[in-house]
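Visitor: Enclosed is the structure file data-v3.pdb (PDB, C-alpha atoms and all ligand atoms).
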```pdb
ATOM      1  CA  MET G   1       0.000   0.000   0.000  1.00  0.00           C
ATOM      2  CA  PRO G   2       1.408   3.453  -0.841  1.00  0.00           C
ATOM      3  CA  PRO G   3       2.347   5.591   2.139  1.00  0.00           C
ATOM      4  CA  VAL G   4      -0.127   8.205   3.381  1.00  0.00           C
ATOM      5  CA  PHE G   5       1.302  11.699   3.496  1.00  0.00           C
ATOM      6  CA  THR G   6       0.600  14.461   5.940  1.00  0.00           C
ATOM      7  CA  THR G   7      -0.306  17.899   4.667  1.00  0.00           C
ATOM      8  CA  SER G   8       2.259  19.371   7.032  1.00  0.00           C
ATOM      9  CA  PRO G   9       5.197  17.823   5.268  1.00  0.00           C
ATOM     10  CA  ASN G  10       7.817  17.543   7.946  1.00  0.00           C
ATOM     11  CA  GLY G  11       5.580  16.164  10.649  1.00  0.00           C
ATOM     12  CA  TYR G  12       6.960  18.745  13.102  1.00  0.00           C
ATOM     13  CA  GLY G  13       4.354  20.135  15.444  1.00  0.00           C
ATOM     14  CA  SER G  14       5.255  23.499  16.924  1.00  0.00           C
ATOM     15  CA  ASP G  15       4.961  21.910  20.363  1.00  0.00           C
ATOM     16  CA  MET G  16       7.429  19.138  19.613  1.00  0.00           C
ATOM     17  CA  ARG G  17      10.660  21.009  20.172  1.00  0.00           C
ATOM     18  CA  SER G  18      11.777  22.903  23.218  1.00  0.00           C
ATOM     19  CA  GLU G  19      13.020  26.457  22.806  1.00  0.00           C
ATOM     20  CA  GLU G  20      16.541  25.220  23.389  1.00  0.00           C
ATOM     21  CA  GLU G  21      16.180  22.595  20.658  1.00  0.00           C
ATOM     22  CA  CYS G  22      14.940  25.214  18.188  1.00  0.00           C
ATOM     23  CA  ALA G  23      17.970  27.409  18.759  1.00  0.00           C
ATOM     24  CA  PRO G  24      20.604  27.333  16.021  1.00  0.00           C
ATOM     25  CA  VAL G  25      23.408  24.922  16.730  1.00  0.00           C
ATOM     26  CA  THR G  26      26.602  26.912  16.465  1.00  0.00           C
ATOM     27  CA  PRO G  27      29.975  26.408  18.052  1.00  0.00           C
ATOM     28  CA  THR G  28      28.936  28.933  20.663  1.00  0.00           C
ATOM     29  CA  THR G  29      25.584  27.308  21.413  1.00  0.00           C
ATOM     30  CA  LYS G  30      25.960  25.448  24.669  1.00  0.00           C
ATOM     31  CA  GLY G  31      23.895  22.428  25.550  1.00  0.00           C
ATOM     32  CA  SER G  32      22.056  21.989  22.258  1.00  0.00           C
ATOM     33  CA  SER G  33      20.747  18.473  21.802  1.00  0.00           C
ATOM     34  CA  PHE G  34      20.472  18.282  18.013  1.00  0.00           C
ATOM     35  CA  LEU G  35      23.514  17.612  15.873  1.00  0.00           C
ATOM     36  CA  PHE G  36      22.641  20.540  13.611  1.00  0.00           C
ATOM     37  CA  ASP G  37      20.065  23.267  13.470  1.00  0.00           C
ATOM     38  CA  PRO G  38      16.641  21.651  12.865  1.00  0.00           C
ATOM     39  CA  SER G  39      15.578  24.630  10.753  1.00  0.00           C
ATOM     40  CA  GLU G  40      17.977  23.310   8.073  1.00  0.00           C
ATOM     41  CA  LEU G  41      15.361  20.605   7.524  1.00  0.00           C
ATOM     42  CA  SER G  42      12.667  22.977   6.345  1.00  0.00           C
ATOM     43  CA  ASP G  43       9.510  21.683   4.685  1.00  0.00           C
ATOM     44  CA  GLU G  44      11.055  22.501   1.278  1.00  0.00           C
ATOM     45  CA  ILE G  45      14.049  20.326   2.050  1.00  0.00           C
ATOM     46  CA  VAL G  46      12.151  17.460   3.674  1.00  0.00           C
ATOM     47  CA  GLY G  47       9.144  17.293   1.361  1.00  0.00           C
ATOM     48  CA  ARG G  48       6.276  14.971   2.146  1.00  0.00           C
ATOM     49  CA  VAL G  49       6.646  12.542   5.009  1.00  0.00           C
ATOM     50  CA  PRO G  50       4.369   9.536   5.681  1.00  0.00           C
ATOM     51  CA  ASN G  51       1.933   9.980   8.573  1.00  0.00           C
ATOM     52  CA  GLY G  52       3.370   9.049  11.927  1.00  0.00           C
ATOM     53  CA  LEU G  53       6.961   9.763  10.977  1.00  0.00           C
ATOM     54  CA  ARG G  54       9.193  12.773  11.037  1.00  0.00           C
ATOM     55  CA  VAL G  55      12.582  13.637   9.602  1.00  0.00           C
ATOM     56  CA  ARG G  56      14.890  15.488  11.980  1.00  0.00           C
ATOM     57  CA  PRO G  57      18.557  15.926  12.816  1.00  0.00           C
ATOM     58  CA  LEU G  58      20.227  13.302  14.948  1.00  0.00           C
ATOM     59  CA  HIS G  59      19.621  14.036  18.650  1.00  0.00           C
ATOM     60  CA  ILE G  60      21.938  13.206  21.491  1.00  0.00           C
ATOM     61  CA  ASP G  61      19.229  11.001  23.038  1.00  0.00           C
ATOM     62  CA  ASP G  62      19.110   8.838  19.909  1.00  0.00           C
ATOM     63  CA  TYR G  63      21.661   6.637  21.629  1.00  0.00           C
ATOM     64  CA  ASP G  64      18.650   5.241  23.533  1.00  0.00           C
ATOM     65  CA  LYS G  65      16.293   5.305  20.551  1.00  0.00           C
ATOM     66  CA  GLY G  66      17.722   2.656  18.305  1.00  0.00           C
ATOM     67  CA  PHE G  67      19.959   4.736  16.054  1.00  0.00           C
ATOM     68  CA  LEU G  68      22.940   2.443  16.502  1.00  0.00           C
ATOM     69  CA  SER G  69      20.809  -0.627  16.022  1.00  0.00           C
ATOM     70  CA  VAL G  70      19.592   0.778  12.683  1.00  0.00           C
ATOM     71  CA  LEU G  71      23.178   1.584  11.677  1.00  0.00           C
ATOM     72  CA  SER G  72      24.238  -1.943  12.574  1.00  0.00           C
ATOM     73  CA  GLN G  73      21.955  -3.172   9.774  1.00  0.00           C
ATOM     74  CA  LEU G  74      24.373  -1.481   7.358  1.00  0.00           C
ATOM     75  CA  THR G  75      27.748  -2.455   8.766  1.00  0.00           C
ATOM     76  CA  SER G  76      29.676  -3.119  11.953  1.00  0.00           C
ATOM     77  CA  VAL G  77      29.032  -0.523  14.666  1.00  0.00           C
ATOM     78  CA  GLY G  78      31.218  -2.102  17.320  1.00  0.00           C
ATOM     79  CA  GLU G  79      31.274  -1.205  20.978  1.00  0.00           C
ATOM     80  CA  MET G  80      30.145   2.274  21.922  1.00  0.00           C
ATOM     81  CA  ASP G  81      29.281   3.235  25.471  1.00  0.00           C
ATOM     82  CA  ARG G  82      27.439   6.410  26.369  1.00  0.00           C
ATOM     83  CA  ALA G  83      30.620   8.370  27.005  1.00  0.00           C
ATOM     84  CA  ALA G  84      32.047   7.454  23.600  1.00  0.00           C
ATOM     85  CA  TRP G  85      28.744   8.351  21.963  1.00  0.00           C
ATOM     86  CA  ASP G  86      28.560  11.744  23.707  1.00  0.00           C
ATOM     87  CA  TRP G  87      32.136  12.530  22.772  1.00  0.00           C
ATOM     88  CA  ARG G  88      31.616  11.629  19.118  1.00  0.00           C
ATOM     89  CA  PHE G  89      28.286  13.501  18.968  1.00  0.00           C
ATOM     90  CA  ARG G  90      29.717  16.669  20.510  1.00  0.00           C
ATOM     91  CA  SER G  91      32.829  16.600  18.319  1.00  0.00           C
ATOM     92  CA  MET G  92      30.683  16.297  15.182  1.00  0.00           C
ATOM     93  CA  GLN G  93      28.360  19.035  16.415  1.00  0.00           C
ATOM     94  CA  ARG G  94      31.243  21.465  17.030  1.00  0.00           C
ATOM     95  CA  THR G  95      32.685  21.385  13.502  1.00  0.00           C
ATOM     96  CA  THR G  96      33.047  24.780  11.862  1.00  0.00           C
ATOM     97  CA  PRO G  97      31.847  25.203   9.211  1.00  0.00           C
ATOM     98  CA  SER G  98      29.239  22.542   9.957  1.00  0.00           C
ATOM     99  CA  THR G  99      30.246  19.285   8.393  1.00  0.00           C
ATOM    100  CA  TYR G 100      27.945  16.506   9.599  1.00  0.00           C
ATOM    101  CA  TYR G 101      24.266  16.394   8.715  1.00  0.00           C
ATOM    102  CA  VAL G 102      23.052  13.117  10.141  1.00  0.00           C
ATOM    103  CA  CYS G 103      19.319  12.947   9.420  1.00  0.00           C
ATOM    104  CA  VAL G 104      17.011  10.400  10.962  1.00  0.00           C
ATOM    105  CA  VAL G 105      13.455   9.224  10.445  1.00  0.00           C
ATOM    106  CA  GLU G 106      11.634   8.893  13.752  1.00  0.00           C
ATOM    107  CA  ASP G 107       8.513   6.818  14.330  1.00  0.00           C
ATOM    108  CA  LEU G 108       6.352   9.215  16.331  1.00  0.00           C
ATOM    109  CA  ASP G 109       4.380   6.406  18.014  1.00  0.00           C
ATOM    110  CA  THR G 110       7.384   4.640  19.431  1.00  0.00           C
ATOM    111  CA  THR G 111       9.878   7.571  19.286  1.00  0.00           C
ATOM    112  CA  ARG G 112      12.329   5.045  17.800  1.00  0.00           C
ATOM    113  CA  VAL G 113      14.732   5.866  14.985  1.00  0.00           C
ATOM    114  CA  VAL G 114      13.719   3.823  11.938  1.00  0.00           C
ATOM    115  CA  GLY G 115      15.996   5.266   9.283  1.00  0.00           C
ATOM    116  CA  ALA G 116      19.118   7.358   8.914  1.00  0.00           C
ATOM    117  CA  ALA G 117      21.317   8.977   6.299  1.00  0.00           C
ATOM    118  CA  THR G 118      24.222  11.390   6.497  1.00  0.00           C
ATOM    119  CA  LEU G 119      25.396  14.258   4.341  1.00  0.00           C
ATOM    120  CA  VAL G 120      29.043  15.089   5.006  1.00  0.00           C
ATOM    121  CA  LEU G 121      30.418  18.353   3.654  1.00  0.00           C
ATOM    122  CA  GLU G 122      34.066  18.090   2.749  1.00  0.00           C
ATOM    123  CA  TRP G 123      35.520  21.591   2.819  1.00  0.00           C
ATOM    124  CA  LYS G 124      37.981  22.407   0.052  1.00  0.00           C
ATOM    125  CA  PHE G 125      40.544  24.900  -1.180  1.00  0.00           C
ATOM    126  CA  ILE G 126      39.529  24.037  -4.734  1.00  0.00           C
ATOM    127  CA  HIS G 127      36.333  25.261  -6.371  1.00  0.00           C
ATOM    128  CA  SER G 128      36.624  28.673  -4.743  1.00  0.00           C
ATOM    129  CA  ALA G 129      36.995  27.189  -1.279  1.00  0.00           C
ATOM    130  CA  GLY G 130      33.858  25.221  -1.985  1.00  0.00           C
ATOM    131  CA  SER G 131      32.596  21.959  -0.619  1.00  0.00           C
ATOM    132  CA  ARG G 132      31.905  18.502  -1.867  1.00  0.00           C
ATOM    133  CA  GLY G 133      29.000  16.497  -0.458  1.00  0.00           C
ATOM    134  CA  ARG G 134      29.269  12.863   0.478  1.00  0.00           C
ATOM    135  CA  VAL G 135      26.183  10.788   1.194  1.00  0.00           C
ATOM    136  CA  GLU G 136      26.954   8.160   3.778  1.00  0.00           C
ATOM    137  CA  ASP G 137      25.354   5.503   5.940  1.00  0.00           C
ATOM    138  CA  VAL G 138      21.924   5.356   4.360  1.00  0.00           C
ATOM    139  CA  VAL G 139      19.898   2.696   6.140  1.00  0.00           C
ATOM    140  CA  VAL G 140      16.273   1.889   6.950  1.00  0.00           C
ATOM    141  CA  ASP G 141      15.230  -0.427   9.755  1.00  0.00           C
ATOM    142  CA  GLU G 142      14.205  -3.839   8.470  1.00  0.00           C
ATOM    143  CA  SER G 143      10.728  -3.448  10.007  1.00  0.00           C
ATOM    144  CA  MET G 144      10.137  -0.334   7.869  1.00  0.00           C
ATOM    145  CA  ARG G 145      11.465  -1.449   4.510  1.00  0.00           C
ATOM    146  CA  GLY G 146       9.201  -1.143   1.467  1.00  0.00           C
ATOM    147  CA  LYS G 147       7.742   2.177   2.643  1.00  0.00           C
ATOM    148  CA  LYS G 148      10.052   4.297   0.499  1.00  0.00           C
ATOM    149  CA  LEU G 149      11.919   5.747   3.468  1.00  0.00           C
ATOM    150  CA  GLY G 150      15.182   5.285   1.588  1.00  0.00           C
ATOM    151  CA  VAL G 151      13.744   7.430  -1.195  1.00  0.00           C
ATOM    152  CA  LEU G 152      12.619   9.996   1.360  1.00  0.00           C
ATOM    153  CA  LEU G 153      16.069  10.196   2.975  1.00  0.00           C
ATOM    154  CA  ASN G 154      17.916  10.408  -0.325  1.00  0.00           C
ATOM    155  CA  ASP G 155      15.621  13.148  -1.608  1.00  0.00           C
ATOM    156  CA  VAL G 156      16.248  15.088   1.599  1.00  0.00           C
ATOM    157  CA  LEU G 157      20.022  14.762   1.336  1.00  0.00           C
ATOM    158  CA  VAL G 158      20.201  15.743  -2.330  1.00  0.00           C
ATOM    159  CA  ARG G 159      18.070  18.843  -1.672  1.00  0.00           C
ATOM    160  CA  LEU G 160      20.157  19.687   1.387  1.00  0.00           C
ATOM    161  CA  ALA G 161      23.397  19.239  -0.571  1.00  0.00           C
ATOM    162  CA  LYS G 162      22.130  21.626  -3.259  1.00  0.00           C
ATOM    163  CA  LYS G 163      21.092  24.146  -0.631  1.00  0.00           C
ATOM    164  CA  LYS G 164      24.573  23.913   0.870  1.00  0.00           C
ATOM    165  CA  ASP G 165      26.042  24.768  -2.544  1.00  0.00           C
ATOM    166  CA  VAL G 166      28.241  21.715  -2.877  1.00  0.00           C
ATOM    167  CA  TYR G 167      29.854  21.524  -6.293  1.00  0.00           C
ATOM    168  CA  LYS G 168      29.168  17.791  -6.431  1.00  0.00           C
ATOM    169  CA  VAL G 169      27.717  15.059  -4.277  1.00  0.00           C
ATOM    170  CA  SER G 170      28.801  11.439  -4.380  1.00  0.00           C
ATOM    171  CA  LEU G 171      28.286   8.108  -2.671  1.00  0.00           C
ATOM    172  CA  GLU G 172      29.554   4.555  -2.699  1.00  0.00           C
ATOM    173  CA  CYS G 173      27.210   1.635  -3.038  1.00  0.00           C
ATOM    174  CA  LYS G 174      26.972  -2.027  -3.925  1.00  0.00           C
ATOM    175  CA  ASP G 175      26.446  -2.905  -7.618  1.00  0.00           C
ATOM    176  CA  LYS G 176      22.856  -3.975  -7.021  1.00  0.00           C
ATOM    177  CA  LEU G 177      21.990  -0.546  -5.578  1.00  0.00           C
ATOM    178  CA  ILE G 178      23.186   1.465  -8.575  1.00  0.00           C
ATOM    179  CA  PRO G 179      19.687   1.617 -10.174  1.00  0.00           C
ATOM    180  CA  PHE G 180      18.241   2.721  -6.822  1.00  0.00           C
ATOM    181  CA  TYR G 181      20.693   5.616  -6.507  1.00  0.00           C
ATOM    182  CA  GLU G 182      20.455   6.602 -10.175  1.00  0.00           C
ATOM    183  CA  GLN G 183      16.897   7.754  -9.561  1.00  0.00           C
ATOM    184  CA  PHE G 184      18.281  10.618  -7.432  1.00  0.00           C
ATOM    185  CA  GLY G 185      20.570  11.834 -10.209  1.00  0.00           C
ATOM    186  CA  TYR G 186      23.799   9.955  -9.432  1.00  0.00           C
ATOM    187  CA  LYS G 187      25.779   8.556 -12.356  1.00  0.00           C
ATOM    188  CA  LYS G 188      28.952   6.565 -12.704  1.00  0.00           C
ATOM    189  CA  ASP G 189      31.812   9.033 -13.086  1.00  0.00           C
ATOM    190  CA  ALA G 190      33.381   7.853 -16.343  1.00  0.00           C
ATOM    191  CA  GLY G 191      37.143   7.805 -16.078  1.00  0.00           C
ATOM    192  CA  ASN G 192      37.142   8.093 -12.302  1.00  0.00           C
ATOM    193  CA  ASN G 193      37.240   5.133  -9.965  1.00  0.00           C
ATOM    194  CA  PHE G 194      36.719   4.490  -6.297  1.00  0.00           C
ATOM    195  CA  LEU G 195      39.890   2.980  -4.821  1.00  0.00           C
ATOM    196  CA  VAL G 196      40.196   1.785  -1.261  1.00  0.00           C
ATOM    197  CA  GLN G 197      42.617   0.212   1.197  1.00  0.00           C
ATOM    198  CA  ARG G 198      40.955  -1.521   4.116  1.00  0.00           C
ATOM    199  CA  PHE G 199      42.588  -1.638   7.513  1.00  0.00           C
ATOM    200  CA  ASP G 200      39.800  -3.612   9.160  1.00  0.00           C
ATOM    201  CA  SER G 201      39.145  -7.310   8.695  1.00  0.00           C
ATOM    202  CA  LYS G 202      36.792  -6.937   5.700  1.00  0.00           C
ATOM    203  CA  MET G 203      38.330  -7.686   2.323  1.00  0.00           C
TER     204      MET G 203
HETATM  205  C1  LIG Q 301      27.896   1.750   2.112  1.00  0.00           C
HETATM  206  C2  LIG Q 301      27.424   3.119   2.505  1.00  0.00           C
HETATM  207  C3  LIG Q 301      28.551   3.888   3.146  1.00  0.00           C
HETATM  208  C4  LIG Q 301      28.931   3.119   4.390  1.00  0.00           C
HETATM  209  C5  LIG Q 301      29.428   1.762   4.003  1.00  0.00           C
HETATM  210  C6  LIG Q 301      29.733   0.929   5.203  1.00  0.00           C
HETATM  211  C7  LIG Q 301      25.717   4.479   1.454  1.00  0.00           C
HETATM  212  C8  LIG Q 301      25.279   5.233   0.252  1.00  0.00           C
HETATM  213  N1  LIG Q 301      26.904   3.832   1.354  1.00  0.00           N
HETATM  214  O1  LIG Q 301      28.869   1.843   1.130  1.00  0.00           O
HETATM  215  O2  LIG Q 301      28.147   5.172   3.488  1.00  0.00           O
HETATM  216  O3  LIG Q 301      29.854   3.839   5.180  1.00  0.00           O
HETATM  217  O4  LIG Q 301      28.394   1.099   3.261  1.00  0.00           O
HETATM  218  O5  LIG Q 301      30.340  -0.234   4.815  1.00  0.00           O
HETATM  219  O6  LIG Q 301      25.027   4.452   2.452  1.00  0.00           O
HETATM  220  P1  LIG Q 301      31.821  -0.576   5.300  1.00  0.00           P
HETATM  221  O7  LIG Q 301      31.724  -0.765   6.773  1.00  0.00           O
HETATM  222  O8  LIG Q 301      32.124  -1.828   4.572  1.00  0.00           O
HETATM  223  O9  LIG Q 301      32.674   0.585   4.930  1.00  0.00           O
END
```
As structure tokens - that is how I would like this structure written.
Guide:
Amino acid sequence: MPPVFTTSPNGYGSDMRSEEECAPVTPTTKGSSFLFDPSELSDEIVGRVPNGLRVRPLHIDDYDKGFLSVLSQLTSVGEMDRAAWDWRFRSMQRTTPSTYYVCVVEDLDTTRVVGAATLVLEWKFIHSAGSRGRVEDVVVDESMRGKKLGVLLNDVLVRLAKKKDVYKVSLECKDKLIPFYEQFGYKKDAGNNFLVQRFDSKM
């Protein structure tokens, strides 16, 4: 069955965020709980969201809301206690200019994270001190597959990347996912290749 969409696209109610959470996240903002300013995910960027879900920035409390369990459906997450999580979250939040846009889909009934995707801005000297976007760690919880949440997240990240004025946006994916990602405008970059050296146990 196709998803039902709300008329208020982002699913944010004005009563859903505290004043502190609505404040812009800047290096000088103390105690903010979102990874980046939620206003970056405007209705124009987020588009239409199925009823009962919302798209928002990663929140520091997502440690307890299944974010890591969703990520572990993509690859190895490894051990991460609360202190390690807080440290990583705060270090990503402090980057200037902002670099990490980890977006999540939250199930409003359960308040669990059911999908995630990250836009990383790689700041450059080239292209007039521009930035390149990298789409990373796109994953939807197995219980929510088939509801086009992957499409939703990718649409959000491509619109956000354009808004951030990246000169290009790229991603890596398995062969079988190439047709999926092509629908968002990605193409193989003829003449360029993705090379890697792995220092973990995966070959
Ligand atoms: C996929 C992901 C990449 C992620 C990697 C993890 C997308 C578009 N691509 O390539 O972002 O970091 O898987 O696999 O989500 P790894 O642990 O083998 O690097």
Visitor: I need the output of the PyMOL selection byres (((chain G and resi 151-159) around 10) and not hetatm) for this file as number ranges by chain; which residues are they?
Guide: G: 41-50, 55, 101-105, 115-120, 133-136, 138-140, 147-150, 160-165, 169-170, 180-181, 183-186
Visitor: For each of G:Arg145, G:Arg112, G:Lys168, G:Lys176, take the minimum atom-to-atom distance to Arg132 in chain G, counting all atoms listed in the file, then give the residue where this is smallest.
Guide: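 Of all the options, G:Lys168 lies closest to Arg132 in chain G.
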Visitor: Which one is closest to Asp141 in chain G: G:Thr110, G:Ser72, G:Asn193, G:Ser39? Count all atoms listed in the file.
Guide: G:Ser72
Visitor: Nearest to ligand LIG 301 (chain Q) among G:Arg82, G:Thr75, G:Arg88, G:Ser128, with distances taken over only C-alpha atoms and all ligand atoms: which residue is it?
Guide: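 Smallest separation from ligand LIG 301 (chain Q) among the options: G:Thr75.
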Visitor: Which value, in Å to one decimal, gives the distance between CA of Asn51 in chain G and CA of Asp109 in chain G?
Guide: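 CA of Asp109 in chain G lies 10.4 Å from CA of Asn51 in chain G.
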Visitor: From the set G:Thr95, G:Glu142, G:Asp37, G:Trp87, which residue has the shortest atom-to-atom contact distance to Ser69 in chain G, counting only C-alpha atoms?
Guide: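 Closest residue, counting only C-alpha atoms: G:Glu142.
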Visitor: Would you compute the distance between CA of Glu122 in chain G and CA of Met92 in chain G? Give it in Å to one decimal.
Guide: 13.0 Å
Visitor: Between atom C5 of ligand LIG 301 (chain Q) and CA of Asp61 in chain G, what distance in Å does the model show, to one decimal?
Guide: 23.5 Å
Visitor: Identify which of the residues G:Gln93, G:Thr111, G:Gln197, G:Gln73 lies closest to Ser33 in chain G, counting only C-alpha atoms when measuring atom-to-atom distances.
Guide: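 Smallest separation from Ser33 in chain G among the options: G:Gln93.
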Visitor: Give the centre and edge lengths of an axis-aligned box, in Å to one decimal, that holds all listed atoms of ligand LIG 301 (chain Q) with 8 Å on each side, as JSON.
Guide:
```
{"center_x": 28.9, "center_y": 1.7, "center_z": 3.5, "size_x": 23.6, "size_y": 23.1, "size_z": 22.5}
```
Visitor: Counting all atoms listed in the file, which residue out of G:Cys173, G:Leu195, G:Ala190, G:Leu108 sits closest to ligand LIG 301 (chain Q)?
Guide: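 Closest to ligand LIG 301 (chain Q), using all atoms listed in the file: G:Cys173.
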Visitor: Taking the file above as input, evaluate the PyMOL selection byres (((chain G and resi 58) around 8) and not hetatm) and report the hits as a CSV table (one decimal) with C-alpha atoms, in the frame of the given file.
Guide:
```csv
chain,number,residue,atom,x,y,z
G,34,PHE,CA,20.5,18.3,18.0
G,35,LEU,CA,23.5,17.6,15.9
G,36,PHE,CA,22.6,20.5,13.6
G,56,ARG,CA,14.9,15.5,12.0
G,57,PRO,CA,18.6,15.9,12.8
G,59,HIS,CA,19.6,14.0,18.6
G,60,ILE,CA,21.9,13.2,21.5
G,62,ASP,CA,19.1,8.8,19.9
G,102,VAL,CA,23.1,13.1,10.1
G,103,CYS,CA,19.3,12.9,9.4
G,104,VAL,CA,17.0,10.4,11.0
```
Visitor: As a PyMOL selection string, please: the residues near Asp107 in chain G (cut-off 8 Å, only C-alpha atoms, same-chain neighbours under 4 positions excluded).
Guide: chain G and resi 52-54+111-114
Visitor: Atoms are missing here; could range 152-163 of chain G be completed with N, CA, C and O atoms and written as a PDB file, keeping the file's coordinate frame?
Guide:
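Result went into part.pdb, see below:
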```pdb
ATOM      1  N   LEU G 152      12.816   8.771   0.582  1.00  0.00           N
ATOM      2  CA  LEU G 152      12.619   9.996   1.360  1.00  0.00           C
ATOM      3  C   LEU G 152      13.969  10.566   1.825  1.00  0.00           C
ATOM      4  O   LEU G 152      14.270  11.751   1.627  1.00  0.00           O
ATOM      5  N   LEU G 153      14.787   9.730   2.427  1.00  0.00           N
ATOM      6  CA  LEU G 153      16.069  10.196   2.975  1.00  0.00           C
ATOM      7  C   LEU G 153      17.004  10.691   1.873  1.00  0.00           C
ATOM      8  O   LEU G 153      17.682  11.714   2.025  1.00  0.00           O
ATOM      9  N   ASN G 154      17.041   9.971   0.762  1.00  0.00           N
ATOM     10  CA  ASN G 154      17.916  10.408  -0.325  1.00  0.00           C
ATOM     11  C   ASN G 154      17.444  11.715  -0.944  1.00  0.00           C
ATOM     12  O   ASN G 154      18.261  12.575  -1.289  1.00  0.00           O
ATOM     13  N   ASP G 155      16.143  11.876  -1.095  1.00  0.00           N
ATOM     14  CA  ASP G 155      15.621  13.148  -1.608  1.00  0.00           C
ATOM     15  C   ASP G 155      16.021  14.290  -0.674  1.00  0.00           C
ATOM     16  O   ASP G 155      16.434  15.362  -1.118  1.00  0.00           O
ATOM     17  N   VAL G 156      15.889  14.051   0.620  1.00  0.00           N
ATOM     18  CA  VAL G 156      16.248  15.088   1.599  1.00  0.00           C
ATOM     19  C   VAL G 156      17.720  15.468   1.442  1.00  0.00           C
ATOM     20  O   VAL G 156      18.082  16.646   1.378  1.00  0.00           O
ATOM     21  N   LEU G 157      18.582  14.459   1.370  1.00  0.00           N
ATOM     22  CA  LEU G 157      20.022  14.762   1.336  1.00  0.00           C
ATOM     23  C   LEU G 157      20.433  15.457   0.041  1.00  0.00           C
ATOM     24  O   LEU G 157      21.296  16.341   0.061  1.00  0.00           O
ATOM     25  N   VAL G 158      19.837  15.072  -1.069  1.00  0.00           N
ATOM     26  CA  VAL G 158      20.201  15.743  -2.330  1.00  0.00           C
ATOM     27  C   VAL G 158      19.739  17.208  -2.286  1.00  0.00           C
ATOM     28  O   VAL G 158      20.489  18.124  -2.663  1.00  0.00           O
ATOM     29  N   ARG G 159      18.533  17.438  -1.764  1.00  0.00           N
ATOM     30  CA  ARG G 159      18.070  18.843  -1.672  1.00  0.00           C
ATOM     31  C   ARG G 159      18.942  19.634  -0.698  1.00  0.00           C
ATOM     32  O   ARG G 159      19.276  20.792  -0.946  1.00  0.00           O
ATOM     33  N   LEU G 160      19.314  18.996   0.408  1.00  0.00           N
ATOM     34  CA  LEU G 160      20.157  19.687   1.387  1.00  0.00           C
ATOM     35  C   LEU G 160      21.532  19.989   0.790  1.00  0.00           C
ATOM     36  O   LEU G 160      22.081  21.083   0.968  1.00  0.00           O
ATOM     37  N   ALA G 161      22.085  19.037   0.059  1.00  0.00           N
ATOM     38  CA  ALA G 161      23.397  19.239  -0.571  1.00  0.00           C
ATOM     39  C   ALA G 161      23.343  20.422  -1.548  1.00  0.00           C
ATOM     40  O   ALA G 161      24.250  21.261  -1.578  1.00  0.00           O
ATOM     41  N   LYS G 162      22.260  20.499  -2.323  1.00  0.00           N
ATOM     42  CA  LYS G 162      22.130  21.626  -3.259  1.00  0.00           C
ATOM     43  C   LYS G 162      22.025  22.934  -2.490  1.00  0.00           C
ATOM     44  O   LYS G 162      22.654  23.930  -2.843  1.00  0.00           O
ATOM     45  N   LYS G 163      21.243  22.922  -1.425  1.00  0.00           N
ATOM     46  CA  LYS G 163      21.092  24.146  -0.631  1.00  0.00           C
ATOM     47  C   LYS G 163      22.435  24.573  -0.036  1.00  0.00           C
ATOM     48  O   LYS G 163      22.715  25.763   0.120  1.00  0.00           O
TER      49      LYS G 163
END
```
